[in-house]
Structure formats: C-alpha cells, structure tokens
Amino acid sequence: MNILHNLLNKLLHIGISPTDSETLRLKKISINTVPLLIVPIGLLWSLIYFGLGQYFAASIPMFYAVVSVLSMLNFHKTKNIHFLQKSQMSLILILPFLLMWSLGGFTQSGSIFIWAFVAPVIALIHDKGPKSLYWLYSFVALIILSAIIDPWLVKTMDFHLSNTTVAIFFILNISISLSGIYFLIRYYIQEKDKNADIQLQIKHDALLNNSRELDDNISYLKSYKINIDSNLIVTRTDIDGIITFANDNFYNITGYTADEILGQNHNIVRNPNTPNELFEELWKKILSKKTWHGTLQNRKKDGSTYWVDTTISPILNKDQEIVEFIAIRHDITKLIEHQDELTNLLYIDTCTGLKNRNALIKDIKTDTKLSAILINIDNFSHINNLYGENFGDKVLLEFSTFIYDNFCRDEEMELYRLSGDEFILISSQNNLIEAYEYAQILFDKCSHTSILIDEQEISLNITIGISFEENTQLITTANMAIIAARKESISIKVYSDKLSLNDEYENNLKWIKEIKDAIADDRIIMFYQPIIDNKDPKHRKYEALIRLIDKEGNIITPHFFLEIAKKAKLYKQLTKIVINKVFEAFKDNTYDFSVNITIDDILDEDINQHIIDTLLKYNISERVIFEIVESESINDFDAIERFIIMVKEYGCRISIDDFGTGYSNFEHLMRLQADFIKIDGSIIKEITTNKRSELITSVIVAFAKEMNIQTIGEYVESKEINDKLIELGVNKSQGYYFDKPQASLEKNSYNYKK
C-alpha cells in the first residue's frame with residue numbers, strides 16, 4: 001500500500017515546481033487528478049466495448065487514454081499547465097457525448113454523458129470567474145443536441161443491448177463518475193484547507209516575529225533617544241521658526257526652561273554678532289528643501305556664548321511640503337577655544353610677539369599686490385655662540401622692537417619674524433624708489449644704533465633684499481636678492497628677473513623632458529613607507545610616495561619635478577600612474593595604504609572618474625586612504641565634500657596631511673570628515689626641544705580625540721621623538737626611525753627597537 005500511495009503522490013505532483021505558489025500547485029494537482037482517475041476507467045470500458053464487438057466505441061476511451069498519457073508527459077517536461085488543462089477539459093466534455101452517440105443515444109447509454117460534467121467542475125476549480133460558466137453552457141448545449149438527434153440514433157442503430165446490461169452500465173457510470181467528481185472536489189478542498197492552515201501559521205509566526213522586531217525597534221529608539229539627548233542638542237520648529245520641541249540637553253546648555261522656550265522664535269538664542277547674511281543663506285537653503293550645515297555661535301540665557309556644529313533639515317509630508325524643521329547640534333565650544341589657542345601658537349612668534357612665517361604665508365594670499373623688504377642680521381650665530389641663546393633671544397626682541405617702533409607706524413607696513421635671524425616688512429606700496437629709500441633709511445639707522453642688552457652694547461649689521469614679484473614669490477625672490485647682495489658685497493639689493501630667470505627656464509626645460517621620457521619609459525615608480533600603530537607596533541599601514549628614476553638610474557624625489565609637472569600639464573598623467581601602480585601593488589595583500597591627492601586632483605572630473613573606475617576594478621576600497629595634501633588651499637569646500645562623500649560610499653577613508661601649519665582650521669577639518677590627521681613634520685621634529693611644538697601637538701591630539709579622529713606623527717627620526725608622541729597620545733608614527741621609503745613592500749624591514 002505504501003508503494004502504491006507513494007506512486008500516486010508522485011503522479012499527482014507531475015509538473016509541479018518548487019517555486020510554484022500554493023494556488024498554482026493546487027490547480028496542477030486537480031488537473032492531474034482527472035486523467036489519473038479517468039484513464040484506468042476508460043481503459044476498462046474500452047476492453048468491455050471491444051468484447052461486445054463495438055470497436056468504434058472501444059476506440060474512444062482508448063484515444064482519451066493515449067492522449068492523456070502524452071499530455072502528462074509533455075506537462076512533466078514543460079510544466080505548462082494550460083495545454084494539459086485545455087486538452088483534458090475538451091476531451092472530457094466531448095468524448096462522453098461522442099461515445100454515447102456511437103452506442104445509440106440515451107436509450108442504450110444515456111448515463112455516459114455524466115462524465116462530461118467533470119469539465120465544468122474543473123473549470124470552476126480553476127477559474128471562479130464568469131469564463132467557467134462557458135463550460136457549463138457547452139455541457140447543457142451538448143445535452144440538448146443529444147436529445148434532438150436521439151430519435152435518429154435509435155432508428156439507425158442496429159446494435160441493441162439487453163435491459164439488464166443497460167441498467168448495469170447506468171449504475172456503474174453514475175456511481176463511478178459522481179464518486180470521481182466527489183473525490184476531486186474533496187481532495188481540492190482538503191488541500192486548500194491544509195494550505196490555509198499553513199498560511200495562517202506562517203502569518204501567525206510572521207506576526208510574532210514582527211512583534212518581537214517592534215519591541216526591539218522600540219528599545220533601540222529609546223537607546224537612540226537617550227544617546228542623542230546626552231550628546232546632542234535637538235530642537236524642532238514650525239515653518240516660521242517657532243520652537244515646538246527642545247530636548248533636555250538644550251535646556252542644560254542654554255539655561256532656559258521649557259516654559260521660557262516653547263512657543264518662542266528660535267532667534268532667542270541667536271548671537272547678535274552673527275551676520276544677517278549667514279541666516280539669509282541658511283533660510284534660503286532649508287526653504288528649498290535642502291539640509292544646511294555650518295558652525296554657529298549662540299547665546300545662553302545668562303548672555304554668555306557657546307559654539308555649535310549645526311545641521312538643520314526640513315521635514316516633509318507625503319505631498320513633499322515642509323511641515324517643520326529639525327536642528328541637531330554638537331557643542332564644539334571647547335574645540336573653538338582649542339582652535340584659538342592653536343591659531344595663536346601657529347601664527348605668533350613666541351620670542352618677539354610678531355606674526356611668524358605661517359601668518360605671512362596666510363596674509364599674502366590676497367588679491368592686493370604687495371612688496372617685501374627682507375632683513376637678515378649678518379653673522380647672528382656669532383652672538384649666540386658668544387653670549388648664549390637666551391641672550392640672543394633678547395637681542396632679537398630688542399631688534400624687532402627697534403624696527404617696529406621706527407618703521408611700522410602706518411597700517412601699510414607690517415613686520416613679521418620669518419626665521420631665526422630674518423625679519424620681513426610687507427607693504428601695499430609698490431613704488432621701487434620709495435621702497436629703496438625706505439630700506440636705505442632702515443640700514444642707516446641700524447648701522448648707527450646699538451642695542452643694550454644686560455649692560456652689553458651690541459651693534460648689528462644687516463643685509464636687505466627687496467622684491468616686487470608676485471605675492472607667492474615674495475619670500476623666495478627677496479631671499480635671492482639677499483644672496484645676490486652678499487655676492488656683490490653690497491647691503492641692499494632689489495630682485496630682478498636677471499638674477500635667476502635664464503637658469504630657471506633652462507632647468508624647467510630639462511625637467512619637462514626628463515618627466516616626459518620617464519613616463520614613456522615607465523620610470524615613474526612608487527616607494528612605500530610604513531606607518532606604525534603606537535599601541536601595536538606590529539600593525540602597520542603604508543604611504544605610497546612617487547619617485548622618478550632618471551636615465552642614470554638615480555632616484556629623484558618629487559621635490560625636483562612635481563611643481564614643474566603641474567606647470568607643463570603633465571601632472572594628471574602622473575596622478576593616474578600613481579593610482580594604477582599603488583592599487584596593483586596592494587591588490588594581493590591585506591595592508592591598508594594611503595594615496596596622496598591634491599585639491600587639483602579632487603576638482604578634476606577626469607581624475608574623479610579614474611578613481612571610481614579603479615575602485616570598482618580592484619574591489620579593495622575598504623583598505624584605501626586618500627591623503628589630501630595642500631588642504632590649506634581649499635576654496636570650493638562643496639566640491640571637496642562631494643568627492644569625500646563619493647569615495648566614502650565605496651568604503652575609503654580620508655587623511656589630512658601637514659596639519660598644524662598653514663591654515664589649520666578645525667571647522668574646515670570637520671567638514672572634510674577626516675579619519676586621520678597627519679601632524680606636520682616641522683612640529684614633530686622639534687617636539688622634544690620646543691615647548692611650543694609640544695603644545696601644538698597636544699591641542700591637535702585633544703581635538704582629534706574629541707572628534708574620534710586618529711592622529712599620525714610624521715618625520716619621526718628618533719626613539720625620543722616617538723616616546724614623546726606616545727606620551728602625548730598620538731596614535732601612529734611614521735619616519736626614518738622605523739624605516740625609510742622602499743621601492744618594494746617586501747624590502748620594508750621595520751627597524752623599530754623597543
């Protein structure tokens with residue numbers, strides 16, 4: 001019985017795919033049931049009619065059996081239910097009437113037509129729409145036709161069955177056909193009920209699962225709210241800026257209560273020093289259904305101020321209409337205070353109180369044409385050697401005071417300390433004769449004035465270089481003028497193109513050819529220097545550094561050719577070569593690696609597309625760090641932010657190079673979404689000997705920790721420097737103390753000694 005049951009189950013499931021829906025599965029089983037039920041009975045009737053000598057009548061159920069078997073084989077192969085369904089219903093509807101007519105009509109075989117009723121029953125199971133009625137109408141039409149032709153069939157029929165045989169056939173046909181219809185409907189109902197129970201259980205399980213997920217989500221939302229309330233300042237306003245909600249953190253920071261805030265305009269916390277233009281730009285953006293992000297100085301209830309990094313977004317309804325605004329702020333007051341402290345350290349010379357080289361570089365980035373008078377104290381090292389550095393510092397202070405008091409009375413002249421024994425006067429006046437006369441007066445006064453330090457009279461000799469070149473070239477060209485003055489044994493020299501122009505042209509042409517040949521000969525190569533984790537020295541990543549191999553096999557650093565490559569329009573080619581070679585070098589290992597890119601690279605759409613193509617090609621984005629150099633020259637922050645968002649979507653990270661010199665702005669750093677800050681090497685080199693460098697580093701580290709940014713110290717050349725960085729909390733170190741840049745990753749020996 002088990003074998004028969006398994007065989008029957010397999011036959012019922014012919015043509016059923018695992019991907020079939022429950023409804024389709026039931027339809028296929030119901031249509032399979034028809035031939036499995038009728039074919040054996042049809043074969044039996046065929047044998048009976050054959051025995052009675054009714055060969056045509058015997059061929060009709062035999063024909064049905066053969067066609068049904070072939071149809072099921074086709075169904076098993078194609079899984080197409082429509083052919084089997086239509087063929088079975090058509091055969092079952094027509095063949096019983098044809099068989100009845102062949103045996104003499106209603107008189108001798110009237111019960112046979114009941115088999116045709118299976119067709120509208122199947123139609124009803126498969127299609128509950130009006131189309132199923134067409135099969136019933138067809139069944140009734142065939143009965144009417146049979147009744148019409150029945151007298152003719154009786155007259156023409158020469159074969160007659162006994163009344164007993166007719167009665168037996170009637171009982172068998174009625175009982176078997178109606179039983180078959182009953183079992184077909186019963187099986188379909190049972191399967192459907194079973195399917196309904198299964199679906200009900202599935203929905204019940206899904207409901208329980210959704211309930212658990214809902215409980216989890218509610219728990220998560222409560223946790224999110226607790227974290228937001230404890231770390232962020234959140235308010236909601238209507239479209240007119242009236243406050244409708246404020247979280248506890250807002251009340252704690254501002255000192256206001258809910259009664260004092262709710263229903264008030266948000267400008268209740270506005271600082272009067274904030275320009276109107278900023279708020280005009282803010283409202284313009286959020287009313288255009290965009291998010292505004294920026295830094296604001298707000299006012300507390302007691303009148304004191306606090307700084308916030310602010311994001312304001314519009315909330316839209318289903319019709320995309322603004323219904324309210326939500327503002328999320330992060331208190332960055334301490335960071336701003338750190339920035340003021342760092343700015344003072346960066347731009348003010350601690351010995352003289354004058355602005356320093358960093359301030360000068362920042363100040364000359366202006367459209368106003370400037371001139372420079374560079375003052376160098378001759379043989380100042382002799383004073384340090386004779387009297388000591390403390391005495392020398394006092395001399396520099398007195399000398400700077402002397403220049404400032406005598407020559408910086410008007411606002412058009414500003415004095416900077418450039419380096420140890422160099423000072424520079426920057427003026428908006430560009431008259432050569434006046435500048436030379438000014439320098440002559442300065443020289444004469446200095447020559448006839450002694451400086452009294454600790455009862456010691458010190459006479460200073462100076463050499464002066466004057467430049468009227470482009471602002472970015474003022475320092476370099478004024479220094480060249482001093483070199484030329486000393487060669488000519490004169491005290492004052494004005495820079496002119498004759499001093500270096502021909503040599504510069506010759507040098508540029510040489511390097512342009514060298515770069516082009518190196519690109520053509522594949523002599524642009526990459527060196528790699530490890531960056532060591534200070535908590536786990538065995539863990540390291542690498543910075544990729546470009547090198548050029550000249551025709552003699554010498555390794556040339558980018559200092560000699562990169563700027564010329566930019567001027568000669570070869571820089572983009574070098575960038576693409578670097579990206580290709582670096583990704584190729586790291587594709588088969590697990591190291592993180594950084595690639596240096598400039599602001600020009602980021603703003604170049606062709607380079608952007610090349611980066612995207614390379615990220616997609618190698619699929620190692622999560623190990624890529626783009627190190628932005630020259631970040632102080634960023635003007636279009638929106639474009640830079642778009643690039644950063646783009647590469648971060650691929651899993652890349654961002655590092656900022658040379659932080660701590662130039663225009664190191666904390667607000668801009670936050671907009672750059674940095675993952676790493678590389679502290680400038682000029683600070684790191686002096687960190688064990690210069691308190692100012694140590695202070696700057698500690699401020700940067702404090703800021704970075706607050707913003708969850710990793711810090712890297714570069715130019716680490718000794719154990720003492722590295723120990724100091726670890727003491728200050730710097731996360732990673734890079735420099736010759738560990739290893740010099742190498743042409744191969746395998747050659748990096750990692751020379752760190754505990």
# chains A, B, ... in the order shown; residues from 1 in each chain; ligands from 1
>>> select_by_dssp(residues="segment 386-570 of chain A", states="strand (DSSP E)", output="count of residues only")
52
>>> closest_residue(among="A:Ala57, A:Leu386, A:Ile564, A:Ile373", to="Glu414 of chain A", atoms="only C-alpha atoms")
A:Ile373
>>> closest_residue(among="A:Tyr571, A:Phe593, A:Tyr387, A:Phe738", to="Asn534 of chain A", atoms="only C-alpha atoms")
A:Phe738
>>> atom_distance(atom1="atom CA of Leu133 of chain A", atom2="atom CA of Leu93 of chain A")
13.4 Å
>>> atom_distance(atom1="atom CA of Val140 of chain A", atom2="atom CA of Leu99 of chain A")
16.7 Å
>>> select_by_dssp(residues="segment 543-584 of chain A", states="alpha helix (DSSP H)", output="list in words")
Leu562, Glu563, Ile564, Ala565, Lys566, Lys567, Tyr571, Lys572, Gln573, Leu574, Thr575, Lys576, Ile577, Val578, Ile579, Asn580, Lys581, Val582, Phe583 and Glu584 of chain A
>>> residues_around(residues="Ile709 of chain A", least_positions_apart="6", cutoff="10 Å", atoms="only C-alpha atoms", output="ChimeraX atom specification")
/A:655,670,673-677,701-703,731
>>> residues_around(residues="Lys513 of chain A", least_positions_apart="4", cutoff="12 Å", atoms="only C-alpha atoms", output="list in words")
Glu506, Asn507, Asn508, Leu509, Asp517, Ala518, Ile519, Ala520, Asp550, Lys551, Phe561, Ile564, Ala565, Ala568 and Leu570 of chain A
>>> residues_around(residues="Leu695 of chain A", least_positions_apart="6", cutoff="9 Å", atoms="only C-alpha atoms", output="list in words")
Leu342, Leu345 and Ile687 of chain A
>>> atom_distance(atom1="atom CA of Lys77 of chain A", atom2="atom CA of Ile122 of chain A")
22.4 Å
>>> residues_around(residues="Cys652 of chain A", least_positions_apart="3", cutoff="7 Å", atoms="only C-alpha atoms", output="JSON, numbers by chain")
{"A": [621, 622, 623, 624, 625, 647, 648]}
>>> residues_around(residues="Met72 of chain A", least_positions_apart="2", cutoff="8 Å", atoms="only C-alpha atoms", output="list in words")
Ile14, Asn32, Ser68, Val69, Leu70, Asn74, Phe75, His76 and Leu84 of chain A
